[in-house]
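Trainee: What follows is coords_20.txt; its format and atoms are compact mmCIF, C-alpha atoms.
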```txt
# COMPACT_ATOMS: atom_id res chain seq x y z
CA MET X 1 161.01 192.18 104.34
CA ILE X 2 160.73 192.65 108.09
CA TYR X 3 157.35 193.82 109.51
CA PRO X 4 156.91 195.66 112.75
CA ASP X 5 155.32 193.54 115.48
CA HIS X 6 151.89 195.17 115.28
CA LYS X 7 151.75 194.76 111.50
CA TRP X 8 152.88 191.14 111.75
CA SER X 9 150.11 190.33 114.21
CA LYS X 10 147.55 191.93 111.92
CA PHE X 11 148.82 189.88 108.99
CA ILE X 12 148.54 186.62 110.97
CA ARG X 13 144.94 187.38 112.01
CA LEU X 14 143.97 188.15 108.40
CA LYS X 15 145.51 184.89 107.19
CA ARG X 16 143.60 182.89 109.80
CA GLN X 17 140.32 184.54 108.81
CA ILE X 18 140.94 183.67 105.15
CA MET X 19 141.70 180.02 106.04
CA LYS X 20 138.52 179.73 108.13
CA ALA X 21 136.45 181.17 105.30
CA MET X 22 137.94 178.70 102.83
CA LYS X 23 137.24 175.72 105.13
CA ARG X 24 133.65 176.91 105.65
CA ASN X 25 133.11 177.21 101.90
CA ILE X 26 134.56 173.74 101.27
CA TYR X 27 132.25 172.28 103.96
CA LEU X 28 129.23 174.00 102.42
CA LEU X 29 130.16 172.65 98.99
CA LEU X 30 130.41 169.09 100.37
CA VAL X 31 127.03 169.36 102.11
CA LEU X 32 125.40 170.78 98.98
CA SER X 33 126.90 168.01 96.84
CA ALA X 34 125.59 165.33 99.23
CA MET X 35 122.11 166.86 99.21
CA ILE X 36 122.03 166.91 95.41
CA GLY X 37 123.16 163.25 95.30
CA CYS X 38 120.43 162.19 97.74
CA LYS X 39 117.83 164.04 95.72
CA ASP X 40 118.95 162.29 92.53
CA ARG X 41 118.74 158.88 94.20
CA THR X 42 115.33 159.72 95.62
CA ASN X 43 114.11 160.75 92.18
CA LYS X 44 115.46 157.51 90.70
CA ARG X 45 113.71 155.45 93.34
CA ALA X 46 110.51 157.33 92.65
CA VAL X 47 110.77 156.54 88.94
CA GLU X 48 112.09 152.95 88.97
CA PRO X 49 109.20 151.19 90.80
CA LYS X 50 106.71 152.31 88.16
CA ALA X 51 107.45 149.16 86.17
CA GLN X 52 106.41 147.10 89.18
CA ASP X 53 103.45 149.20 90.25
CA SER X 54 100.93 147.08 88.34
CA VAL X 55 102.15 143.91 90.09
CA LEU X 56 102.43 145.46 93.53
CA LEU X 57 98.97 146.95 93.32
CA GLU X 58 97.28 143.66 92.39
CA GLN X 59 96.05 141.95 95.53
CA GLU X 60 94.93 138.33 95.82
CA ALA X 61 91.22 137.65 95.63
CA HIS X 62 88.72 134.76 95.68
CA GLN X 63 91.02 132.70 97.87
CA GLU X 64 88.07 130.44 98.66
CA LEU X 65 88.63 128.97 95.19
CA TYR X 66 92.28 128.09 95.85
CA GLY X 67 93.14 124.39 96.00
CA ASN X 68 92.50 121.11 94.19
CA TRP X 69 89.31 120.50 92.22
CA VAL X 70 88.96 116.82 91.36
CA GLY X 71 86.63 114.76 89.20
CA ASN X 72 86.28 112.75 86.00
CA PHE X 73 87.44 114.21 82.69
CA VAL X 74 84.81 112.67 80.41
CA ILE X 75 85.00 112.50 76.63
CA ASP X 76 82.20 114.36 74.87
CA GLU X 77 80.86 111.64 72.58
CA ASN X 78 79.22 114.21 70.31
CA SER X 79 82.68 115.54 69.42
CA LEU X 80 83.89 112.15 68.17
CA GLU X 81 83.77 111.41 64.48
CA ASP X 82 81.33 108.80 63.16
CA GLY X 83 82.55 105.28 63.71
CA GLU X 84 85.36 106.39 66.01
CA GLY X 85 85.66 104.16 69.06
CA LEU X 86 86.33 105.30 72.60
CA PRO X 87 89.65 104.20 74.11
CA ASN X 88 88.76 102.48 77.38
CA THR X 89 91.56 104.01 79.43
CA ASP X 90 90.94 107.52 78.11
CA TYR X 91 87.18 107.70 78.40
CA SER X 92 87.01 109.35 81.83
CA PRO X 93 90.41 109.70 83.53
CA LYS X 94 90.68 111.59 86.79
CA ILE X 95 91.58 115.28 86.58
CA ASN X 96 92.97 117.49 89.31
CA LEU X 97 92.61 121.17 88.43
CA THR X 98 94.54 123.28 90.93
CA ILE X 99 93.91 127.01 91.35
CA LYS X 100 97.04 128.59 92.84
CA LYS X 101 96.40 132.33 92.63
CA ILE X 102 93.74 134.85 91.62
CA THR X 103 94.37 138.60 91.59
CA ASP X 104 91.82 141.35 92.12
CA LYS X 105 92.34 142.21 88.45
CA GLY X 106 90.90 138.82 87.52
CA LYS X 107 94.14 137.07 86.54
CA VAL X 108 94.20 133.34 87.35
CA PHE X 109 97.19 130.99 87.71
CA GLY X 110 97.09 127.23 88.22
CA GLN X 111 97.74 123.80 86.75
CA ASN X 112 95.93 120.61 85.83
CA VAL X 113 96.97 116.98 86.08
CA VAL X 114 95.45 114.37 83.76
CA LYS X 115 96.87 110.92 82.94
CA GLY X 116 100.18 111.86 84.55
CA ASN X 117 100.57 115.04 82.49
CA LEU X 118 101.02 118.34 84.35
CA ARG X 119 100.08 121.47 82.39
CA SER X 120 100.22 125.04 83.64
CA LEU X 121 97.12 127.22 83.37
CA THR X 122 96.70 130.97 83.00
CA GLY X 123 93.56 132.92 82.35
CA LYS X 124 90.92 135.18 83.79
CA LEU X 125 88.02 135.20 86.21
CA GLU X 126 84.80 137.08 85.63
CA GLY X 127 81.80 137.65 87.85
CA ASP X 128 81.38 137.30 91.59
CA GLY X 129 79.56 135.28 94.20
CA ASN X 130 77.89 132.24 92.66
CA ALA X 131 78.17 133.69 89.15
CA VAL X 132 81.91 133.15 88.78
CA GLN X 133 83.27 132.09 85.40
CA LEU X 134 86.82 130.99 84.60
CA LEU X 135 88.54 130.91 81.23
CA LEU X 136 91.86 129.04 81.53
CA ASP X 137 94.41 128.24 78.84
CA GLU X 138 97.09 125.57 78.66
CA PRO X 139 100.46 126.71 77.19
CA GLY X 140 99.67 125.53 73.67
CA ASP X 141 103.07 124.00 72.94
CA LYS X 142 101.60 120.48 72.87
CA LYS X 143 99.11 119.12 70.38
CA SER X 144 96.90 117.92 73.23
CA ASP X 145 96.58 121.38 74.85
CA GLY X 146 93.31 123.26 74.99
CA ARG X 147 91.09 125.75 76.80
CA PHE X 148 88.95 125.29 79.91
CA GLU X 149 85.63 127.13 80.21
CA ILE X 150 84.30 126.80 83.75
CA LYS X 151 81.36 128.01 85.82
CA LEU X 152 80.99 127.82 89.59
CA LYS X 153 77.68 126.30 90.63
CA ASN X 154 77.29 126.06 94.40
CA ASP X 155 80.30 123.95 95.48
CA THR X 156 81.05 122.51 92.03
CA LEU X 157 83.13 123.65 89.08
CA ILE X 158 81.26 122.65 85.93
CA GLY X 159 82.60 123.08 82.45
CA SER X 160 84.30 121.78 79.36
CA TRP X 161 87.72 121.56 77.79
CA VAL X 162 88.18 122.07 74.04
CA ALA X 163 91.36 121.20 72.16
CA TYR X 164 93.06 124.02 70.27
CA ASP X 165 93.80 121.59 67.46
CA GLN X 166 90.48 120.17 66.29
CA GLY X 167 92.37 117.59 64.26
CA VAL X 168 93.15 115.53 67.37
CA LYS X 169 91.12 112.43 68.19
CA ILE X 170 89.67 113.73 71.46
CA LYS X 171 88.38 117.22 70.74
CA LYS X 172 86.27 117.93 73.81
CA ARG X 173 85.80 116.77 77.38
CA ASN X 174 83.29 117.68 80.08
CA PHE X 175 83.70 117.67 83.85
CA LYS X 176 82.18 118.35 87.26
CA LEU X 177 84.82 118.99 89.90
CA LEU X 178 84.58 119.08 93.68
CA LYS X 179 87.14 120.69 95.94
CA LYS X 180 89.34 118.08 97.60
CA GLN X 181 92.25 118.72 99.93
CA PHE X 182 95.34 116.61 99.41
CA ALA X 183 97.12 115.33 102.50
CA TYR X 184 99.42 112.35 102.85
CA ASN X 185 97.88 109.66 105.02
CA PRO X 186 99.74 106.35 105.51
CA ASN X 187 96.51 104.64 106.59
CA LEU X 188 94.79 104.97 103.21
CA MET X 189 94.01 101.64 101.55
CA LEU X 190 92.47 100.43 98.31
CA ASN X 191 88.97 99.05 98.43
CA ASN X 192 87.38 96.46 96.21
CA GLN X 193 86.11 98.44 93.23
CA ASP X 194 84.73 95.50 91.26
CA GLU X 195 81.71 93.98 92.96
CA GLU X 196 80.99 91.74 89.96
CA TYR X 197 84.32 89.90 90.03
CA GLY X 198 85.18 90.37 93.70
CA THR X 199 88.73 91.54 93.05
CA LEU X 200 90.87 93.95 91.03
CA VAL X 201 91.28 92.88 87.41
CA ASP X 202 93.87 94.19 84.97
CA TRP X 203 91.71 94.90 81.93
CA ILE X 204 94.58 96.55 80.04
CA ASN X 205 97.17 93.80 79.66
CA ALA X 206 95.11 90.97 78.23
CA LYS X 207 96.54 87.77 76.82
CA LYS X 208 94.88 86.53 73.65
CA LYS X 209 94.62 82.90 72.71
CA GLU X 210 93.03 81.27 69.71
CA ALA X 211 90.32 78.74 70.50
CA ILE X 212 88.43 76.23 68.36
CA ASP X 213 84.81 75.21 68.77
CA GLN X 214 83.02 72.52 66.82
CA ASP X 215 79.29 72.38 66.15
CA GLY X 216 78.38 69.27 64.22
CA ASP X 217 80.28 69.35 60.96
CA SER X 218 81.21 73.02 61.41
CA THR X 219 84.36 74.24 63.10
CA TYR X 220 84.70 77.76 64.47
CA THR X 221 87.90 79.56 65.35
CA TYR X 222 87.82 82.56 67.65
CA VAL X 223 90.07 84.52 70.00
CA MET X 224 89.72 84.32 73.76
CA GLU X 225 91.03 87.08 76.02
CA TYR X 226 92.47 86.24 79.42
CA TYR X 227 93.08 88.71 82.24
CA ARG X 228 95.15 88.66 85.40
CA SER X 229 93.59 89.48 88.75
CA ALA X 230 94.83 90.51 92.18
CA SER X 231 94.46 88.58 95.42
CA PRO X 232 92.83 89.96 98.61
CA ALA X 233 96.34 90.78 99.87
CA VAL X 234 96.21 94.15 98.07
CA PHE X 235 93.43 95.22 100.47
CA SER X 236 95.29 94.25 103.65
CA ILE X 237 99.05 94.77 103.20
CA ASN X 238 100.03 98.36 103.96
CA ALA X 239 103.60 99.01 102.78
CA SER X 240 103.54 102.55 104.19
CA LYS X 241 103.17 101.31 107.77
CA GLN X 242 104.46 97.76 108.13
CA LYS X 243 107.97 96.50 107.54
CA LEU X 244 107.66 93.86 104.84
CA ALA X 245 109.64 90.63 104.92
CA GLU X 246 110.23 87.99 102.28
CA LYS X 247 107.69 85.68 103.93
CA ASP X 248 104.99 88.34 103.37
CA LEU X 249 105.63 88.44 99.62
CA LYS X 250 106.82 85.04 98.45
CA ASN X 251 103.32 83.70 97.65
CA LEU X 252 101.93 86.86 96.06
CA LYS X 253 101.19 87.35 92.37
CA LYS X 254 103.11 89.81 90.25
CA LEU X 255 100.02 92.04 90.03
CA ASP X 256 99.68 92.01 93.83
CA LEU X 257 103.24 93.26 94.22
CA GLU X 258 102.74 95.99 91.61
CA ILE X 259 99.56 97.27 93.25
CA ILE X 260 100.96 97.21 96.80
CA ARG X 261 104.06 99.12 95.66
CA ASN X 262 102.15 101.71 93.66
CA THR X 263 99.69 102.28 96.50
CA ILE X 264 102.63 103.82 98.39
CA PHE X 265 103.09 106.36 95.59
CA ALA X 266 99.34 106.98 95.33
CA ARG X 267 99.20 107.99 99.01
CA HIS X 268 101.78 110.68 98.21
CA GLY X 269 99.76 112.00 95.26
CA TYR X 270 101.98 110.64 92.51
CA ALA X 271 100.51 111.30 89.04
CA PHE X 272 100.54 107.93 87.26
CA THR X 273 101.03 107.90 83.50
CA LYS X 274 100.57 104.21 82.62
CA PRO X 275 96.93 103.21 81.98
CA SER X 276 97.62 99.79 83.54
CA ILE X 277 98.28 101.54 86.87
CA ARG X 278 95.78 104.37 86.57
CA GLN X 279 92.94 101.87 86.13
CA PHE X 280 93.32 100.90 89.80
CA PHE X 281 93.76 104.38 91.31
CA ASP X 282 91.72 106.84 89.24
CA PRO X 283 88.44 105.38 90.60
CA VAL X 284 89.65 105.68 94.23
CA ASP X 285 88.03 108.59 96.05
CA TRP X 286 91.02 109.49 98.23
CA TYR X 287 93.53 109.50 95.36
CA VAL X 288 94.52 113.03 94.26
CA PRO X 289 97.30 113.25 91.61
CA VAL X 290 99.46 116.27 92.40
CA SER X 291 103.09 115.57 91.44
CA LYS X 292 105.40 113.68 89.09
CA ASP X 293 108.14 113.32 91.70
CA VAL X 294 107.44 112.27 95.28
CA SER X 295 110.79 110.59 95.95
CA SER X 296 111.77 113.14 98.59
CA ASP X 297 108.48 112.54 100.44
CA LEU X 298 108.94 108.79 100.90
CA SER X 299 109.74 107.57 104.39
CA PRO X 300 112.75 105.27 105.00
CA LEU X 301 110.29 102.42 105.66
CA GLU X 302 108.53 103.01 102.35
CA LYS X 303 111.82 103.14 100.45
CA ASP X 304 112.92 99.81 101.94
CA ASN X 305 109.58 98.20 101.11
CA ILE X 306 109.65 99.55 97.54
CA ALA X 307 113.08 98.01 97.00
CA LEU X 308 111.92 94.64 98.33
CA LEU X 309 108.68 94.66 96.31
CA THR X 310 110.55 95.59 93.13
CA ARG X 311 112.97 92.71 93.64
CA PHE X 312 110.12 90.20 94.03
CA GLU X 313 108.25 91.58 91.00
CA LYS X 314 111.09 90.47 88.71
CA TYR X 315 110.45 86.79 89.43
CA ALA X 316 106.73 86.68 90.29
CA THR X 317 104.08 85.37 87.88
CA ASP X 318 100.34 85.82 87.33
CA ASN X 319 97.36 83.59 86.72
CA TYR X 320 95.01 84.55 83.89
CA ASP X 321 91.28 83.94 83.57
CA THR X 322 88.51 84.92 81.15
CA PHE X 323 86.31 86.71 83.73
CA GLY X 324 83.31 86.32 81.47
CA ARG X 325 84.60 88.69 78.79
```
Please re-express this file's structure in structure tokens.
Mentor:
Amino acid sequence: MIYPDHKWSKFIRLKRQIMKAMKRNIYLLLVLSAMIGCKDRTNKRAVEPKAQDSVLLEQEAHQELYGNWVGNFVIDENSLEDGEGLPNTDYSPKINLTIKKITDKGKVFGQNVVKGNLRSLTGKLEGDGNAVQLLLDEPGDKKSDGRFEIKLKNDTLIGSWVAYDQGVKIKKRNFKLLKKQFAYNPNLMLNNQDEEYGTLVDWINAKKKEAIDQDGDSTYTYVMEYYRSASPAVFSINASKQKLAEKDLKNLKKLDLEIIRNTIFARHGYAFTKPSIRQFFDPVDWYVPVSKDVSSDLSPLEKDNIALLTRFEKYATDNYDTFGR
């Protein structure tokens, strides 16, 4: 069909108006769809954090209690059964109770280190000021786990630990802990802890020898115990600062070499497990056990000295004496 010019022009204008209207409607639909999508995402974000609200709202509190609390972990003799002896190495080992975090809801998180064992702690704090009380639990997956009940008295944490399993040999311990900051210091040295014998004595690894004594017509047989001791070198050789040479070690006893080597680890806060090593470091004031792995903290000098000391330990010997025991 052929339209007159004026009708054709009118038709073209009408078509353009329809196209513009369609484009405008499509644009409005896209905008509306985007707005609805944003609203949905906003609603989701408003709902999702609710699971985390309780954590986000809990602020840290009592940060003055954060850090290491160190002291002796003493067996409560009243909790021992009649006739049960006290193991010498376990009577009062050093404990480091570390408080890592306290929330304003009273939740407490930390750990303790005793005899080389690291156990996590969780619990609660009650009270305020100088009337603070802590109730802390070990995980409970070991027979030796238990609960700490602690009170803050001035600058001291005083309390007791009670084993969950009352069938274990050591059922209760008591303690008084002072706050002590741990910091590596290569200048730290052992001091002479035994004024009576004038040196460090290994009371753990005794050698026993049968002896015979005769009194007139009577003969007595008994067992003598002999102990090894360290030389003064353990108080002067610092393997964290000086480069050791063979001439420095060739005349030392095996015990000397062991103590000098382990003093390196003690400076880094290594938590010793063996009683034969702990006996020399638990009584030392500056020693704070904090970790079971300090290998990454050792300096190149210390690593070289450890290797040399270990090599000499294999061939060194010890002298044994009775030391009046």
Trainee: If you take all atoms listed in the file and a cut-off of 8 Å, which residues of region 231-283 of chain X touch region 200-218 of chain X, and what are their nearest atom pairs and distances in Å to one decimal, in chain and number order, as CSV?
Mentor:
```
residue,atom,partner,partner_atom,distance
X:Ser231,CA,X:Leu200,CA,7.8
X:Pro275,CA,X:Ile204,CA,7.3
X:Ser276,CA,X:Ile204,CA,5.7
X:Gln279,CA,X:Asp202,CA,7.8
X:Phe280,CA,X:Leu200,CA,7.5
```
Trainee: Any chance you could tabulate, as CSV, the residues of region 214-308 of chain X at most 12 Å from region 108-119 of chain X with each one's nearest atom pair and distance in Å to one decimal, using only C-alpha atoms, in chain and rising number order?
Mentor:
```
residue,atom,partner,partner_atom,distance
X:Ala266,CA,X:Gly116,CA,11.9
X:Gly269,CA,X:Gly116,CA,10.7
X:Tyr270,CA,X:Gly116,CA,8.3
X:Ala271,CA,X:Gly116,CA,4.5
X:Phe272,CA,X:Gly116,CA,4.8
X:Thr273,CA,X:Gly116,CA,4.2
X:Lys274,CA,X:Lys115,CA,7.7
X:Pro275,CA,X:Lys115,CA,7.8
X:Ser276,CA,X:Lys115,CA,11.2
X:Ile277,CA,X:Lys115,CA,10.3
X:Arg278,CA,X:Lys115,CA,7.6
X:Gln279,CA,X:Lys115,CA,10.4
X:Phe281,CA,X:Lys115,CA,11.1
X:Asp282,CA,X:Lys115,CA,9.1
X:Val288,CA,X:Val113,CA,9.4
X:Pro289,CA,X:Val113,CA,6.7
X:Val290,CA,X:Val113,CA,6.8
X:Ser291,CA,X:Leu118,CA,7.9
X:Lys292,CA,X:Gly116,CA,7.2
X:Asp293,CA,X:Gly116,CA,10.8
```
Trainee: Please write out, as lines of an AutoDock Vina configuration file, where the centre of an axis-aligned box around all listed atoms of region 267-283 of chain X lies and how long its edges are, in Å to one decimal, after adding 5 Å on each side.
Mentor:
```
center_x = 95.2
center_y = 105.9
center_z = 90.5
size_x = 23.5
size_y = 22.2
size_z = 27.0
```
Trainee: Ranking X:Gln59, X:Asn78, X:Thr219, X:Asn251 by minimum distance to Lys101 (chain X) and counting all atoms listed in the file, which one comes first?
Mentor: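 Going through X:Gln59, X:Asn78, X:Thr219, X:Asn251 one by one, the smallest distance to Lys101 (chain X) is for X:Gln59.
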Trainee: Excluding same-chain residues fewer than 6 positions from Lys171 (chain X), what lies within 12 Å of it counting only C-alpha atoms, as a ChimeraX atom specification?
Mentor: /X:74-81,143-147,160-165
Trainee: I'd like the neighbourhood of Ala245 (chain X) as an MDAnalysis selection string, where a residue qualifies if any of its atoms comes within 12 Å (using all atoms listed in the file), though same-chain residues fewer than 4 positions away should be ignored.
Mentor: chainID X and resid 237 239 249:251 301 304:309 311:312
Trainee: Print the selection's residues with C-alpha atoms to a file, as a tab-separated table (two decimals), in the frame of the given file.
Mentor:
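File again.tsv, as written:
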```
chain	number	residue	atom	x	y	z
X	237	ILE	CA	99.05	94.77	103.20
X	239	ALA	CA	103.60	99.01	102.78
X	249	LEU	CA	105.63	88.44	99.62
X	250	LYS	CA	106.82	85.04	98.45
X	251	ASN	CA	103.32	83.70	97.65
X	301	LEU	CA	110.29	102.42	105.66
X	304	ASP	CA	112.92	99.81	101.94
X	305	ASN	CA	109.58	98.20	101.11
X	306	ILE	CA	109.65	99.55	97.54
X	307	ALA	CA	113.08	98.01	97.00
X	308	LEU	CA	111.92	94.64	98.33
X	309	LEU	CA	108.68	94.66	96.31
X	311	ARG	CA	112.97	92.71	93.64
X	312	PHE	CA	110.12	90.20	94.03
```
Trainee: Rank X:Gly167, X:Pro139, X:Gly67, X:Pro93 by their smallest atom-to-atom distance to Val284 (chain X), using only C-alpha atoms, and report the top residue only.
Mentor: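 Closest candidate: X:Pro93.
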Trainee: By how many Å are CA of Lys254 (chain X) and CA of Asn72 (chain X) apart?
Mentor: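 If I compute the distance from CA of Lys254 (chain X) to CA of Asn72 (chain X), I get 28.8 Å.
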Trainee: Which one of X:Lys153, X:His268, X:Lys314, X:Lys243 sits closest to Trp286 (chain X) if you count all atoms listed in the file?
Mentor: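 So, comparing all the options, the nearest one is X:His268.
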Trainee: Need to verify the contact set: Ile264 (chain X), 9 Å, all atoms listed in the file, exclusion of same-chain residues closer than 3 positions in sequence. Can you return it as a list in words?
Mentor: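 Contacts, in chain order: Pro186, Asn238, Ala239, Ser240, Ile259, Ile260, Arg261, Arg267, His268, Leu298, Glu302 and Ile306 of chain X.
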Trainee: Grab the CA of Leu65 (chain X) to CA of Lys105 (chain X) distance for me, in Å with one decimal place.
Mentor: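 CA of Lys105 (chain X) lies 15.3 Å from CA of Leu65 (chain X).
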Trainee: For the atom pair CA of Asp318 (chain X) and CA of Ser92 (chain X), what is the interatomic distance in Å to one decimal place?
Mentor: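 About the pair CA of Asp318 (chain X) and CA of Ser92 (chain X): they are 27.6 Å apart.
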Trainee: Can you tell me which residues surround Gln133 (chain X) at a distance of at most 8 Å, considering only C-alpha atoms, apart from same-chain residues fewer than 3 positions away, and format the answer as a PyMOL selection string?
Mentor: chain X and resi 125-127+149-152
Trainee: For Lys100 (chain X), which of X:Asn174, X:Ser299, X:Tyr66, X:Lys124 is the closest residue, counting all atoms listed in the file?
Mentor: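 When distances to Lys100 (chain X) are compared using all atoms listed in the file, the smallest one comes from X:Tyr66.
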Trainee: May I have the protein, DNA and RNA residues with an atom at most 6 Å from (89.9, 115.5, 77.4), counting all atoms listed in the file in the file's coordinates, returned as a PyMOL selection string?
Mentor: chain X and resi 73+75+172-173
Trainee: Skip Leu190 (chain X) itself and residues of its chain fewer than 5 positions away, then list as JSON, numbers by chain all residues within 8 Å of it, counting all atoms listed in the file.
Mentor: {"X": [234, 235, 263, 284]}
Trainee: Could you check the closest approach to Asp155 (chain X) for each of X:Ala131, X:Ile170, X:Leu136, X:Met189 and tell me which residue wins, using only C-alpha atoms?
Mentor: X:Ala131
Trainee: Which one of X:Leu135, X:Leu252, X:Leu178, X:Val168 sits closest to Thr156 (chain X) if you count all atoms listed in the file?
Mentor: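 Answer, going by the shortest atom-to-atom distance: X:Leu178.
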